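Asks: Just one file: protein.pdb, with PDB, C-alpha atoms.
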ATOM      1  CA  MET A   1       0.000   0.000   0.000
ATOM      2  CA  ALA A   2       1.337   3.415  -0.945
ATOM      3  CA  GLN A   3       1.990   6.152   1.589
ATOM      4  CA  ILE A   4      -0.927   8.605   1.645
ATOM      5  CA  PRO A   5       0.257  12.224   1.701
ATOM      6  CA  VAL A   6      -0.600  14.304   4.766
ATOM      7  CA  GLU A   7      -2.263  16.941   2.587
ATOM      8  CA  THR A   8      -4.736  14.308   1.362
ATOM      9  CA  LYS A   9      -5.528  13.228   4.907
ATOM     10  CA  ILE A  10      -6.074  16.824   6.019
ATOM     11  CA  SER A  11      -8.259  17.499   2.967
ATOM     12  CA  LEU A  12     -10.406  14.457   3.732
ATOM     13  CA  LEU A  13     -10.810  15.556   7.352
ATOM     14  CA  ASN A  14     -11.837  18.999   6.153
ATOM     15  CA  LYS A  15     -14.399  17.503   3.770
ATOM     16  CA  TYR A  16     -15.798  15.239   6.491
ATOM     17  CA  ILE A  17     -16.197  18.218   8.833
ATOM     18  CA  GLN A  18     -17.995  20.265   6.179
ATOM     19  CA  VAL A  19     -20.371  17.389   5.372
ATOM     20  CA  ASN A  20     -21.016  16.827   9.057
ATOM     21  CA  ILE A  21     -21.842  20.517   9.596
ATOM     22  CA  LEU A  22     -24.219  20.456   6.620
ATOM     23  CA  LYS A  23     -25.939  17.318   7.938
ATOM     24  CA  ASN A  24     -26.455  18.915  11.335
ATOM     25  CA  LYS A  25     -27.603  22.171   9.668
ATOM     26  CA  ALA A  26     -25.778  24.105  12.355
ATOM     27  CA  ASP A  27     -22.746  24.088  14.577
ATOM     28  CA  ALA A  28     -22.825  21.185  16.990
ATOM     29  CA  LEU A  29     -21.440  21.904  20.434
ATOM     30  CA  HIS A  30     -18.913  19.701  22.152
ATOM     31  CA  VAL A  31     -18.662  20.767  25.808
ATOM     32  CA  ASP A  32     -18.185  24.544  25.462
ATOM     33  CA  TYR A  33     -16.822  24.858  21.920
ATOM     34  CA  PRO A  34     -18.466  24.420  18.528
ATOM     35  CA  GLU A  35     -17.254  21.214  16.866
ATOM     36  CA  ASN A  36     -16.199  22.952  13.665
ATOM     37  CA  GLU A  37     -13.883  25.270  15.645
ATOM     38  CA  ILE A  38     -12.314  22.281  17.384
ATOM     39  CA  PHE A  39     -11.842  20.461  14.066
ATOM     40  CA  ALA A  40     -10.458  23.604  12.446
ATOM     41  CA  GLU A  41      -7.853  23.900  15.203
ATOM     42  CA  ILE A  42      -6.975  20.216  14.882
ATOM     43  CA  ILE A  43      -6.404  20.717  11.159
ATOM     44  CA  GLU A  44      -4.260  23.800  11.797
ATOM     45  CA  ASP A  45      -2.215  21.869  14.347
ATOM     46  CA  LEU A  46      -1.735  19.036  11.846
ATOM     47  CA  LYS A  47      -0.627  21.491   9.176
ATOM     48  CA  LYS A  48       1.866  23.122  11.562
ATOM     49  CA  MET A  49       3.221  19.756  12.661
ATOM     50  CA  TYR A  50       3.602  18.658   9.055
ATOM     51  CA  LYS A  51       5.339  21.838   7.937
ATOM     52  CA  GLN A  52       7.744  22.075  10.889
ATOM     53  CA  PRO A  53      10.946  20.111  10.446
ATOM     54  CA  VAL A  54      11.278  17.433  13.061
ATOM     55  CA  ASP A  55      14.443  17.508  15.119
ATOM     56  CA  VAL A  56      15.034  13.796  15.539
ATOM     57  CA  ARG A  57      17.591  14.258  18.318
ATOM     58  CA  SER A  58      15.270  16.264  20.545
ATOM     59  CA  ALA A  59      12.304  14.045  19.684
ATOM     60  CA  LEU A  60      14.230  10.929  20.666
ATOM     61  CA  ALA A  61      15.985  12.496  23.661
ATOM     62  CA  SER A  62      12.896  12.286  25.873
ATOM     63  CA  ILE A  63      12.338   8.667  24.836
ATOM     64  CA  VAL A  64      15.959   7.793  25.598
ATOM     65  CA  ASP A  65      15.713   9.540  28.990
ATOM     66  CA  ALA A  66      12.537   7.637  29.845
ATOM     67  CA  LEU A  67      14.128   4.333  28.831
ATOM     68  CA  ASN A  68      17.240   5.094  30.894
ATOM     69  CA  THR A  69      15.072   5.853  33.926
ATOM     70  CA  TYR A  70      13.175   2.602  33.400
ATOM     71  CA  LYS A  71      16.463   0.701  33.068
ATOM     72  CA  GLU A  72      17.743   2.178  36.345
ATOM     73  CA  GLN A  73      14.513   1.200  38.093
ATOM     74  CA  GLN A  74      14.869  -2.341  36.786
ATOM     75  CA  GLN A  75      18.460  -2.512  38.015
ATOM     76  CA  GLN A  76      17.435  -1.276  41.470
ATOM     77  CA  MET A  77      14.637  -3.858  41.580
ATOM     78  CA  ARG A  78      17.121  -6.591  40.631
ATOM     79  CA  VAL A  79      19.419  -5.515  43.473
ATOM     80  CA  HIS A  80      16.509  -5.659  45.953
ATOM     81  CA  ILE A  81      15.333  -9.026  44.634
ATOM     82  CA  HIS A  82      18.862 -10.415  44.815
ATOM     83  CA  ALA A  83      19.183  -9.203  48.415
ATOM     84  CA  LEU A  84      15.833 -10.828  49.298
ATOM     85  CA  LEU A  85      16.881 -14.094  47.660
ATOM     86  CA  ASN A  86      20.137 -14.094  49.616
ATOM     87  CA  THR A  87      18.217 -13.452  52.862
ATOM     88  CA  LEU A  88      15.780 -16.283  52.112
ATOM     89  CA  LYS A  89      18.636 -18.624  51.279
ATOM     90  CA  ALA A  90      20.402 -17.732  54.546
ATOM     91  CA  MET A  91      17.165 -18.343  56.496
ATOM     92  CA  GLU A  92      16.707 -21.745  54.837
ATOM     93  CA  GLU A  93      20.283 -22.726  55.680
ATOM     94  CA  HIS A  94      19.836 -21.552  59.257
ATOM     95  CA  GLN A  95      16.544 -23.430  59.700
ATOM     96  CA  ALA A  96      17.804 -26.593  58.008
ATOM     97  CA  GLY A  97      19.928 -27.524  61.013
ATOM     98  CA  GLN A  98      17.210 -26.811  63.576
ATOM     99  CA  ILE A  99      14.413 -28.991  64.883
ATOM    100  CA  ASP A 100      10.988 -28.141  63.530
ATOM    101  CA  LEU A 101       8.684 -26.374  66.035
ATOM    102  CA  ASP A 102       5.844 -28.763  65.126
ATOM    103  CA  THR A 103       8.048 -31.693  66.125
ATOM    104  CA  ILE A 104       8.792 -30.089  69.504
ATOM    105  CA  ILE A 105       5.075 -29.462  70.172
ATOM    106  CA  HIS A 106       4.177 -33.012  69.114
ATOM    107  CA  ASN A 107       6.881 -34.513  71.373
ATOM    108  CA  LEU A 108       5.762 -32.353  74.341
ATOM    109  CA  GLN A 109       2.138 -33.427  73.805
ATOM    110  CA  LYS A 110       3.247 -37.070  73.683
ATOM    111  CA  LEU A 111       5.289 -36.617  76.868
ATOM    112  CA  ALA A 112       2.309 -34.985  78.634
ATOM    113  CA  ALA A 113      -0.006 -37.795  77.513
ATOM    114  CA  ASN A 114       2.377 -40.493  78.810
ATOM    115  CA  SER A 115       2.740 -38.965  82.254
TER     116      SER A 115
END
Represent the structure of the file as structure tokens.

Replies:
Amino acid sequence: MAQIPVETKISLLNKYIQVNILKNKADALHVDYPENEIFAEIIEDLKKMYKQPVDVRSALASIVDALNTYKEQQQQMRVHIHALLNTLKAMEEHQAGQIDLDTIIHNLQKLAANS
């Protein structure tokens, strides 16, 4: 499929707006503003955006900054998770050599029942 030029898209939007206004036989209101004024401003914004040269570096800079922030957050989370895993592992090793509390209770109950 071929790339559709922006001018064609804007022209179609303009035509749609004009047909819509004619169908409604008046300006339709959206909140506090007439719809045709809102659409007209959207079209003007699109024209400005299309005509202005895009500075790729500045456009991508915010994306790169956001990704770097996300990467740092992930690294911090990994550090915390690693610390938690080490703590859990140490607790398991510590508890492995100890008698289970359930076993102690069961043995005390057995001792009390035999006396």

Asks: List as a PyMOL selection string the protein and nucleic acid residues near segment 15-19 of chain A, meaning an atom at most 8 Å away when all atoms listed in the file are counted, but skip any in the same chain fewer than 3 places from it.

Replies: chain A and resi 11-12+22-23+36+39

Asks: Can you tell me how far atom CA of Asp45 of chain A sits from atom CA of Leu13 of chain A, in Å to one decimal?

Replies: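 The value is 12.8 Å.
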
Asks: Which value, in Å to one decimal, gives the distance between atom CA of Asn114 of chain A and atom CA of Gly97 of chain A?

Replies: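 Between atom CA of Asn114 of chain A and atom CA of Gly97 of chain A the gap works out to 28.2 Å.
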